[in-house]
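coords26.txt (compact mmCIF, N, CA and C atoms) appears below.
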```txt
# COMPACT_ATOMS: atom_id res chain seq x y z
N MET A 1 -1.28 -14.17 1.22
CA MET A 1 -2.58 -14.44 0.62
C MET A 1 -3.62 -13.62 1.37
N LEU A 2 -4.50 -13.02 0.59
CA LEU A 2 -5.55 -12.18 1.13
C LEU A 2 -6.90 -12.89 1.02
N PRO A 3 -7.69 -12.85 2.08
CA PRO A 3 -9.02 -13.46 2.03
C PRO A 3 -9.96 -12.68 1.11
N GLY A 4 -11.04 -13.32 0.77
CA GLY A 4 -12.08 -12.66 0.01
C GLY A 4 -13.03 -11.93 0.94
N SER A 5 -13.96 -11.24 0.35
CA SER A 5 -14.98 -10.53 1.10
C SER A 5 -15.80 -11.53 1.91
N GLY A 6 -15.98 -11.24 3.18
CA GLY A 6 -16.75 -12.14 4.04
C GLY A 6 -15.97 -13.35 4.51
N SER A 7 -14.69 -13.41 4.25
CA SER A 7 -13.86 -14.53 4.67
C SER A 7 -12.78 -14.01 5.62
N ASP A 8 -11.84 -14.89 5.97
CA ASP A 8 -10.77 -14.46 6.88
C ASP A 8 -9.52 -15.28 6.64
N GLU A 9 -8.48 -14.93 7.40
CA GLU A 9 -7.18 -15.59 7.25
C GLU A 9 -7.22 -17.05 7.68
N VAL A 10 -8.15 -17.43 8.53
CA VAL A 10 -8.28 -18.82 8.97
C VAL A 10 -8.67 -19.70 7.77
N PHE A 11 -9.62 -19.22 6.98
CA PHE A 11 -10.04 -19.95 5.78
C PHE A 11 -8.89 -20.07 4.79
N VAL A 12 -8.17 -18.98 4.57
CA VAL A 12 -7.04 -19.00 3.62
C VAL A 12 -6.02 -20.04 4.05
N ARG A 13 -5.69 -20.08 5.34
CA ARG A 13 -4.72 -21.08 5.83
C ARG A 13 -5.26 -22.49 5.64
N ALA A 14 -6.55 -22.70 5.93
CA ALA A 14 -7.14 -24.04 5.80
C ALA A 14 -7.07 -24.55 4.36
N VAL A 15 -7.22 -23.67 3.40
CA VAL A 15 -7.24 -24.06 2.00
C VAL A 15 -5.84 -24.15 1.39
N PHE A 16 -4.96 -23.20 1.72
CA PHE A 16 -3.70 -23.08 0.99
C PHE A 16 -2.46 -23.52 1.75
N ALA A 17 -2.49 -23.64 3.06
CA ALA A 17 -1.27 -23.91 3.82
C ALA A 17 -0.60 -25.22 3.40
N ALA A 18 -1.32 -26.31 3.38
CA ALA A 18 -0.72 -27.61 3.07
C ALA A 18 -0.20 -27.68 1.63
N PRO A 19 -0.98 -27.28 0.62
CA PRO A 19 -0.45 -27.35 -0.74
C PRO A 19 0.77 -26.46 -0.95
N LEU A 20 0.77 -25.27 -0.37
CA LEU A 20 1.93 -24.39 -0.53
C LEU A 20 3.14 -24.93 0.22
N ARG A 21 2.91 -25.48 1.40
CA ARG A 21 4.01 -26.08 2.17
C ARG A 21 4.65 -27.21 1.36
N ALA A 22 3.82 -28.00 0.66
CA ALA A 22 4.34 -29.10 -0.16
C ALA A 22 5.25 -28.58 -1.27
N LEU A 23 5.06 -27.33 -1.67
CA LEU A 23 5.90 -26.71 -2.69
C LEU A 23 7.06 -25.92 -2.10
N GLY A 24 7.18 -25.95 -0.76
CA GLY A 24 8.26 -25.22 -0.09
C GLY A 24 7.96 -23.73 0.09
N ILE A 25 6.69 -23.36 0.03
CA ILE A 25 6.30 -21.95 0.15
C ILE A 25 5.68 -21.73 1.53
N ASP A 26 6.20 -20.74 2.24
CA ASP A 26 5.70 -20.38 3.56
C ASP A 26 4.51 -19.43 3.40
N LEU A 27 3.35 -19.84 3.85
CA LEU A 27 2.13 -19.03 3.71
C LEU A 27 2.04 -17.98 4.81
N GLN A 28 1.83 -16.76 4.39
CA GLN A 28 1.53 -15.65 5.30
C GLN A 28 0.16 -15.12 4.88
N THR A 29 -0.68 -14.80 5.85
CA THR A 29 -2.00 -14.28 5.53
C THR A 29 -2.18 -12.92 6.19
N VAL A 30 -3.15 -12.20 5.71
CA VAL A 30 -3.49 -10.89 6.27
C VAL A 30 -4.92 -10.97 6.79
N ALA A 31 -5.10 -10.65 8.06
CA ALA A 31 -6.44 -10.62 8.64
C ALA A 31 -7.18 -9.39 8.13
N PRO A 32 -8.42 -9.55 7.69
CA PRO A 32 -9.16 -8.38 7.21
C PRO A 32 -9.49 -7.41 8.34
N ARG A 33 -9.34 -6.12 8.06
CA ARG A 33 -9.76 -5.10 9.01
C ARG A 33 -11.28 -5.00 8.92
N PRO A 34 -11.94 -4.79 10.05
CA PRO A 34 -13.39 -4.66 10.00
C PRO A 34 -13.82 -3.36 9.32
N GLY A 35 -15.00 -3.38 8.72
CA GLY A 35 -15.56 -2.17 8.13
C GLY A 35 -15.01 -1.84 6.77
N SER A 36 -15.02 -0.57 6.45
CA SER A 36 -14.66 -0.12 5.11
C SER A 36 -13.16 -0.02 4.89
N ASP A 37 -12.36 -0.36 5.87
CA ASP A 37 -10.90 -0.23 5.78
C ASP A 37 -10.22 -1.52 5.33
N VAL A 38 -10.99 -2.50 4.85
CA VAL A 38 -10.42 -3.81 4.54
C VAL A 38 -9.38 -3.73 3.42
N VAL A 39 -9.65 -3.00 2.36
CA VAL A 39 -8.70 -2.93 1.24
C VAL A 39 -7.41 -2.24 1.67
N ALA A 40 -7.53 -1.16 2.44
CA ALA A 40 -6.33 -0.47 2.93
C ALA A 40 -5.50 -1.41 3.81
N GLY A 41 -6.16 -2.22 4.61
CA GLY A 41 -5.45 -3.19 5.45
C GLY A 41 -4.73 -4.24 4.61
N TYR A 42 -5.40 -4.71 3.57
CA TYR A 42 -4.77 -5.69 2.67
C TYR A 42 -3.54 -5.09 2.00
N ARG A 43 -3.67 -3.87 1.51
CA ARG A 43 -2.55 -3.22 0.82
C ARG A 43 -1.38 -3.00 1.79
N ALA A 44 -1.67 -2.63 3.02
CA ALA A 44 -0.62 -2.45 4.02
C ALA A 44 0.09 -3.78 4.29
N GLY A 45 -0.68 -4.86 4.35
CA GLY A 45 -0.08 -6.18 4.54
C GLY A 45 0.83 -6.58 3.39
N LEU A 46 0.43 -6.25 2.17
CA LEU A 46 1.26 -6.55 1.01
C LEU A 46 2.53 -5.70 1.02
N ASP A 47 2.41 -4.43 1.39
CA ASP A 47 3.60 -3.56 1.50
C ASP A 47 4.59 -4.15 2.50
N ALA A 48 4.07 -4.61 3.64
CA ALA A 48 4.94 -5.19 4.68
C ALA A 48 5.61 -6.46 4.17
N ALA A 49 4.88 -7.30 3.44
CA ALA A 49 5.46 -8.54 2.93
C ALA A 49 6.58 -8.25 1.92
N LEU A 50 6.36 -7.27 1.07
CA LEU A 50 7.36 -6.93 0.06
C LEU A 50 8.62 -6.36 0.69
N ALA A 51 8.48 -5.72 1.85
CA ALA A 51 9.63 -5.14 2.54
C ALA A 51 10.47 -6.20 3.25
N GLY A 52 9.91 -7.43 3.38
CA GLY A 52 10.62 -8.50 4.07
C GLY A 52 11.68 -9.14 3.19
N PRO A 53 12.33 -10.18 3.72
CA PRO A 53 13.40 -10.85 2.98
C PRO A 53 12.86 -11.78 1.90
N GLY A 54 13.68 -11.99 0.90
CA GLY A 54 13.40 -13.00 -0.11
C GLY A 54 12.34 -12.63 -1.12
N PRO A 55 12.19 -13.48 -2.14
CA PRO A 55 11.14 -13.25 -3.13
C PRO A 55 9.77 -13.46 -2.49
N VAL A 56 8.79 -12.71 -2.98
CA VAL A 56 7.45 -12.76 -2.42
C VAL A 56 6.46 -13.11 -3.53
N LEU A 57 5.63 -14.10 -3.25
CA LEU A 57 4.51 -14.47 -4.10
C LEU A 57 3.28 -13.92 -3.41
N VAL A 58 2.50 -13.09 -4.07
CA VAL A 58 1.30 -12.53 -3.43
C VAL A 58 0.06 -13.07 -4.12
N GLY A 59 -1.02 -13.08 -3.39
CA GLY A 59 -2.25 -13.57 -3.97
C GLY A 59 -3.42 -13.42 -3.04
N GLY A 60 -4.51 -13.96 -3.47
CA GLY A 60 -5.71 -13.89 -2.67
C GLY A 60 -6.86 -14.61 -3.34
N ILE A 61 -7.97 -14.55 -2.65
CA ILE A 61 -9.21 -15.17 -3.11
C ILE A 61 -10.23 -14.06 -3.33
N SER A 62 -10.90 -14.05 -4.45
CA SER A 62 -11.98 -13.12 -4.76
C SER A 62 -11.51 -11.67 -4.60
N LEU A 63 -12.09 -10.95 -3.64
CA LEU A 63 -11.66 -9.56 -3.42
C LEU A 63 -10.15 -9.51 -3.14
N GLY A 64 -9.64 -10.45 -2.36
CA GLY A 64 -8.21 -10.49 -2.07
C GLY A 64 -7.38 -10.67 -3.33
N ALA A 65 -7.87 -11.47 -4.29
CA ALA A 65 -7.16 -11.66 -5.55
C ALA A 65 -7.12 -10.36 -6.35
N HIS A 66 -8.23 -9.65 -6.35
CA HIS A 66 -8.31 -8.37 -7.08
C HIS A 66 -7.35 -7.36 -6.46
N VAL A 67 -7.35 -7.26 -5.14
CA VAL A 67 -6.46 -6.31 -4.45
C VAL A 67 -5.00 -6.68 -4.72
N ALA A 68 -4.66 -7.96 -4.64
CA ALA A 68 -3.28 -8.40 -4.87
C ALA A 68 -2.82 -8.07 -6.29
N ALA A 69 -3.66 -8.34 -7.29
CA ALA A 69 -3.29 -8.07 -8.67
C ALA A 69 -3.16 -6.56 -8.92
N SER A 70 -4.10 -5.81 -8.40
CA SER A 70 -4.04 -4.35 -8.56
C SER A 70 -2.79 -3.78 -7.90
N TRP A 71 -2.53 -4.21 -6.68
CA TRP A 71 -1.35 -3.74 -5.94
C TRP A 71 -0.07 -4.11 -6.69
N ALA A 72 0.02 -5.35 -7.18
CA ALA A 72 1.22 -5.81 -7.88
C ALA A 72 1.47 -4.98 -9.14
N SER A 73 0.39 -4.61 -9.83
CA SER A 73 0.56 -3.85 -11.07
C SER A 73 1.07 -2.43 -10.82
N GLU A 74 0.96 -1.96 -9.59
CA GLU A 74 1.41 -0.61 -9.24
C GLU A 74 2.85 -0.56 -8.76
N GLN A 75 3.50 -1.72 -8.58
CA GLN A 75 4.86 -1.75 -8.07
C GLN A 75 5.85 -1.41 -9.18
N PRO A 76 6.94 -0.74 -8.83
CA PRO A 76 7.95 -0.41 -9.85
C PRO A 76 8.50 -1.67 -10.50
N SER A 77 8.87 -1.57 -11.75
CA SER A 77 9.42 -2.69 -12.49
C SER A 77 10.63 -3.27 -11.74
N GLY A 78 10.60 -4.58 -11.54
CA GLY A 78 11.70 -5.26 -10.86
C GLY A 78 11.64 -5.19 -9.35
N ALA A 79 10.73 -4.41 -8.80
CA ALA A 79 10.65 -4.26 -7.35
C ALA A 79 9.40 -4.91 -6.76
N GLY A 80 8.57 -5.47 -7.60
CA GLY A 80 7.31 -6.07 -7.15
C GLY A 80 7.46 -7.51 -6.75
N PRO A 81 6.35 -8.20 -6.62
CA PRO A 81 6.38 -9.60 -6.21
C PRO A 81 6.94 -10.49 -7.32
N ALA A 82 7.39 -11.67 -6.91
CA ALA A 82 7.93 -12.64 -7.86
C ALA A 82 6.82 -13.27 -8.69
N GLY A 83 5.60 -13.23 -8.19
CA GLY A 83 4.48 -13.82 -8.92
C GLY A 83 3.18 -13.63 -8.18
N LEU A 84 2.11 -14.11 -8.81
CA LEU A 84 0.76 -13.98 -8.25
C LEU A 84 0.10 -15.35 -8.15
N LEU A 85 -0.66 -15.55 -7.10
CA LEU A 85 -1.49 -16.74 -6.93
C LEU A 85 -2.90 -16.24 -6.69
N LEU A 86 -3.76 -16.33 -7.71
CA LEU A 86 -5.09 -15.74 -7.65
C LEU A 86 -6.16 -16.81 -7.81
N ALA A 87 -7.13 -16.80 -6.90
CA ALA A 87 -8.24 -17.74 -6.96
C ALA A 87 -9.55 -16.96 -6.97
N LEU A 88 -10.39 -17.29 -7.92
CA LEU A 88 -11.71 -16.65 -8.03
C LEU A 88 -11.63 -15.13 -7.99
N PRO A 89 -10.86 -14.53 -8.89
CA PRO A 89 -10.74 -13.06 -8.85
C PRO A 89 -12.11 -12.40 -8.88
N ALA A 90 -12.21 -11.29 -8.19
CA ALA A 90 -13.47 -10.55 -8.11
C ALA A 90 -13.88 -10.07 -9.50
N TRP A 91 -15.17 -9.96 -9.75
CA TRP A 91 -15.69 -9.47 -11.02
C TRP A 91 -15.51 -7.96 -11.08
N ILE A 92 -14.92 -7.46 -12.18
CA ILE A 92 -14.73 -6.02 -12.30
C ILE A 92 -15.37 -5.47 -13.56
N GLY A 93 -16.15 -6.30 -14.24
CA GLY A 93 -16.84 -5.85 -15.45
C GLY A 93 -18.17 -5.17 -15.10
N PRO A 94 -18.96 -4.88 -16.13
CA PRO A 94 -20.27 -4.27 -15.87
C PRO A 94 -21.13 -5.19 -14.99
N PRO A 95 -21.83 -4.65 -14.01
CA PRO A 95 -22.60 -5.48 -13.09
C PRO A 95 -23.63 -6.37 -13.79
N ARG A 96 -24.21 -5.88 -14.86
CA ARG A 96 -25.24 -6.66 -15.56
C ARG A 96 -24.68 -7.98 -16.09
N ASP A 97 -23.40 -8.02 -16.44
CA ASP A 97 -22.80 -9.22 -17.02
C ASP A 97 -22.07 -10.09 -16.00
N ALA A 98 -22.11 -9.73 -14.74
CA ALA A 98 -21.43 -10.53 -13.72
C ALA A 98 -22.02 -11.93 -13.67
N PRO A 99 -21.18 -12.95 -13.49
CA PRO A 99 -21.71 -14.33 -13.41
C PRO A 99 -22.82 -14.49 -12.37
N ALA A 100 -22.69 -13.86 -11.23
CA ALA A 100 -23.74 -13.98 -10.21
C ALA A 100 -25.04 -13.34 -10.67
N ALA A 101 -24.95 -12.22 -11.41
CA ALA A 101 -26.16 -11.57 -11.92
C ALA A 101 -26.83 -12.44 -12.98
N LEU A 102 -26.03 -13.06 -13.85
CA LEU A 102 -26.60 -13.94 -14.87
C LEU A 102 -27.30 -15.12 -14.22
N THR A 103 -26.68 -15.71 -13.23
CA THR A 103 -27.28 -16.84 -12.52
C THR A 103 -28.56 -16.43 -11.81
N ALA A 104 -28.56 -15.27 -11.17
CA ALA A 104 -29.75 -14.78 -10.47
C ALA A 104 -30.90 -14.56 -11.45
N ARG A 105 -30.62 -13.98 -12.62
CA ARG A 105 -31.69 -13.76 -13.60
C ARG A 105 -32.24 -15.09 -14.12
N ALA A 106 -31.36 -16.05 -14.37
CA ALA A 106 -31.82 -17.36 -14.86
C ALA A 106 -32.67 -18.06 -13.80
N THR A 107 -32.24 -17.99 -12.55
CA THR A 107 -33.00 -18.61 -11.47
C THR A 107 -34.36 -17.95 -11.32
N ALA A 108 -34.41 -16.62 -11.39
CA ALA A 108 -35.67 -15.89 -11.27
C ALA A 108 -36.61 -16.25 -12.42
N ALA A 109 -36.09 -16.35 -13.64
CA ALA A 109 -36.93 -16.71 -14.79
C ALA A 109 -37.48 -18.12 -14.62
N TYR A 110 -36.66 -19.03 -14.14
CA TYR A 110 -37.11 -20.41 -13.91
C TYR A 110 -38.21 -20.44 -12.86
N ALA A 111 -38.03 -19.71 -11.78
CA ALA A 111 -39.04 -19.67 -10.71
C ALA A 111 -40.33 -19.04 -11.22
N ARG A 112 -40.24 -18.00 -12.04
CA ARG A 112 -41.46 -17.35 -12.57
C ARG A 112 -42.20 -18.30 -13.50
N SER A 113 -41.47 -19.05 -14.32
CA SER A 113 -42.14 -19.92 -15.29
C SER A 113 -42.64 -21.22 -14.68
N GLY A 114 -41.96 -21.74 -13.70
CA GLY A 114 -42.32 -23.04 -13.15
C GLY A 114 -42.89 -22.97 -11.74
N GLY A 115 -42.86 -21.81 -11.11
CA GLY A 115 -43.31 -21.69 -9.73
C GLY A 115 -42.23 -22.13 -8.76
N VAL A 116 -42.47 -21.91 -7.51
CA VAL A 116 -41.48 -22.25 -6.51
C VAL A 116 -41.75 -23.58 -5.83
N GLU A 117 -42.85 -24.21 -6.21
CA GLU A 117 -43.17 -25.52 -5.62
C GLU A 117 -42.11 -26.51 -6.00
```
File written out as structure tokens:
Amino acid sequence: MLPGSGSDEVFVRAVFAAPLRALGIDLQTVAPRPGSDVVAGYRAGLDAALAGPGPVLVGGISLGAHVAASWASEQPSGAGPAGLLLALPAWIGPPRDAPAALTARATAAYARSGGVE
């Protein structure tokens, strides 16, 4: 499991370790590399996991979910992960239509019409 932007492997373990353990799944996480190398670090972690024994379920939260899905789609047929576990996948559509942008515009309009008091 890959963390989202601004998160880390500690958060991923806190959220997913117990539920996955209850399903008999051993959770492995990837610590984000600092700076602009975070995606390359995530992809390297996924490569290492796939090279290990047994079937591999890959996933992540937000940015980590996007990287996991993108990486999985690039694997040769039959050689990729057994499945994906994705939470809050990152927005990849036009920025104007992103849920956060829509919420920000609605909040700004409300503040303009009603004031900030």
Q | Backbone DSSP call of alpha helix (DSSP H) for segment 27-70 of chain A, listed as a list in words | A | Val38, Val39, Ala40, Gly41, Tyr42, Arg43, Ala44, Gly45, Leu46, Asp47, Ala48, Ala49, Leu50, Ala51, Leu63, Gly64, Ala65, His66, Val67, Ala68, Ala69 and Ser70 of chain A
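When atom C of Val38 of chain A is paired with atom C of Ala68 of chain A, their separation reads 12.5 Å.
Put simply, atom C of Ser62 of chain A is 21.2 Å away from atom N of Gly80 of chain A.
Each of A:Gly64, A:Gly114, A:Gly35, A:Pro81 was checked against Ser5 of chain A using all atoms listed in the file; the smallest atom-to-atom distance is that of A:Gly64.
Atom pair atom N of Leu88 of chain A / atom CA of Leu63 of chain A has a distance of 9.0 Å (rounded to one decimal).
Restricting the calculation to only C-alpha atoms, the smallest distance between Phe16 of chain A and any of A:Pro32, A:Gly60, A:Gly78, A:Pro55 is found for A:Gly60.
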Q) When distances are computed from only C-alpha atoms, which of A:Leu57, A:Arg105, A:Ala98, A:Asp8 shows the smallest separation from Leu84 of chain A? A) A:Leu57
Q. Smallest atom-to-atom distance to Ile25 of chain A: which of A:Ala100, A:Ile92, A:Val67, A:Met1, using only C-alpha atoms?
A. A:Met1
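Across A:Ala104, A:Ala48, A:Ala90, A:Ile61, the tightest approach to Val15 of chain A is made by A:Ile61 when counting only C-alpha atoms.
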Q.
Run DSSP on the backbone and tell me which residues of chain A come out as strand (DSSP E); list them as number ranges by chain.
A. A: 57-61, 83-87
6.5 Å contact set for Val56 of chain A, all atoms listed in the file, chain neighbours under 2 positions out, as a PDB file with N, CA and C atoms, keeping the file's coordinate frame:
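Saved result, selection_17.pdb, follows:
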```pdb
ATOM      1  N   ALA A  49       4.880  -7.300   3.440  1.00  0.00           N
ATOM      2  CA  ALA A  49       5.460  -8.540   2.930  1.00  0.00           C
ATOM      3  C   ALA A  49       6.580  -8.250   1.920  1.00  0.00           C
ATOM      4  N   LEU A  50       6.360  -7.270   1.070  1.00  0.00           N
ATOM      5  CA  LEU A  50       7.360  -6.930   0.060  1.00  0.00           C
ATOM      6  C   LEU A  50       8.620  -6.360   0.690  1.00  0.00           C
ATOM      7  N   PRO A  53      12.330 -10.180   3.720  1.00  0.00           N
ATOM      8  CA  PRO A  53      13.400 -10.850   2.980  1.00  0.00           C
ATOM      9  C   PRO A  53      12.860 -11.780   1.900  1.00  0.00           C
ATOM     10  N   GLY A  54      13.680 -11.990   0.900  1.00  0.00           N
ATOM     11  CA  GLY A  54      13.400 -13.000  -0.110  1.00  0.00           C
ATOM     12  C   GLY A  54      12.340 -12.630  -1.120  1.00  0.00           C
ATOM     13  N   VAL A  58       2.500 -13.090  -4.070  1.00  0.00           N
ATOM     14  CA  VAL A  58       1.300 -12.530  -3.430  1.00  0.00           C
ATOM     15  C   VAL A  58       0.060 -13.070  -4.120  1.00  0.00           C
ATOM     16  N   PRO A  81       6.350  -8.200  -6.620  1.00  0.00           N
ATOM     17  CA  PRO A  81       6.380  -9.600  -6.210  1.00  0.00           C
ATOM     18  C   PRO A  81       6.940 -10.490  -7.320  1.00  0.00           C
ATOM     19  N   ALA A  82       7.390 -11.670  -6.910  1.00  0.00           N
ATOM     20  CA  ALA A  82       7.930 -12.640  -7.860  1.00  0.00           C
ATOM     21  C   ALA A  82       6.820 -13.270  -8.690  1.00  0.00           C
ATOM     22  N   GLY A  83       5.600 -13.230  -8.190  1.00  0.00           N
ATOM     23  CA  GLY A  83       4.480 -13.820  -8.920  1.00  0.00           C
ATOM     24  C   GLY A  83       3.180 -13.630  -8.180  1.00  0.00           C
TER      25      GLY A  83
END
```
Q: Find the residues near segment 9-12 of chain A: any atom within 6.5 Å, counting all atoms listed in the file, skip ones fewer than 4 places away on the same chain, and give them as a list of chain:residue names.
A: A:Pro3, A:Phe16, A:Ala17, A:Thr29, A:Val30, A:Ala31, A:Pro32
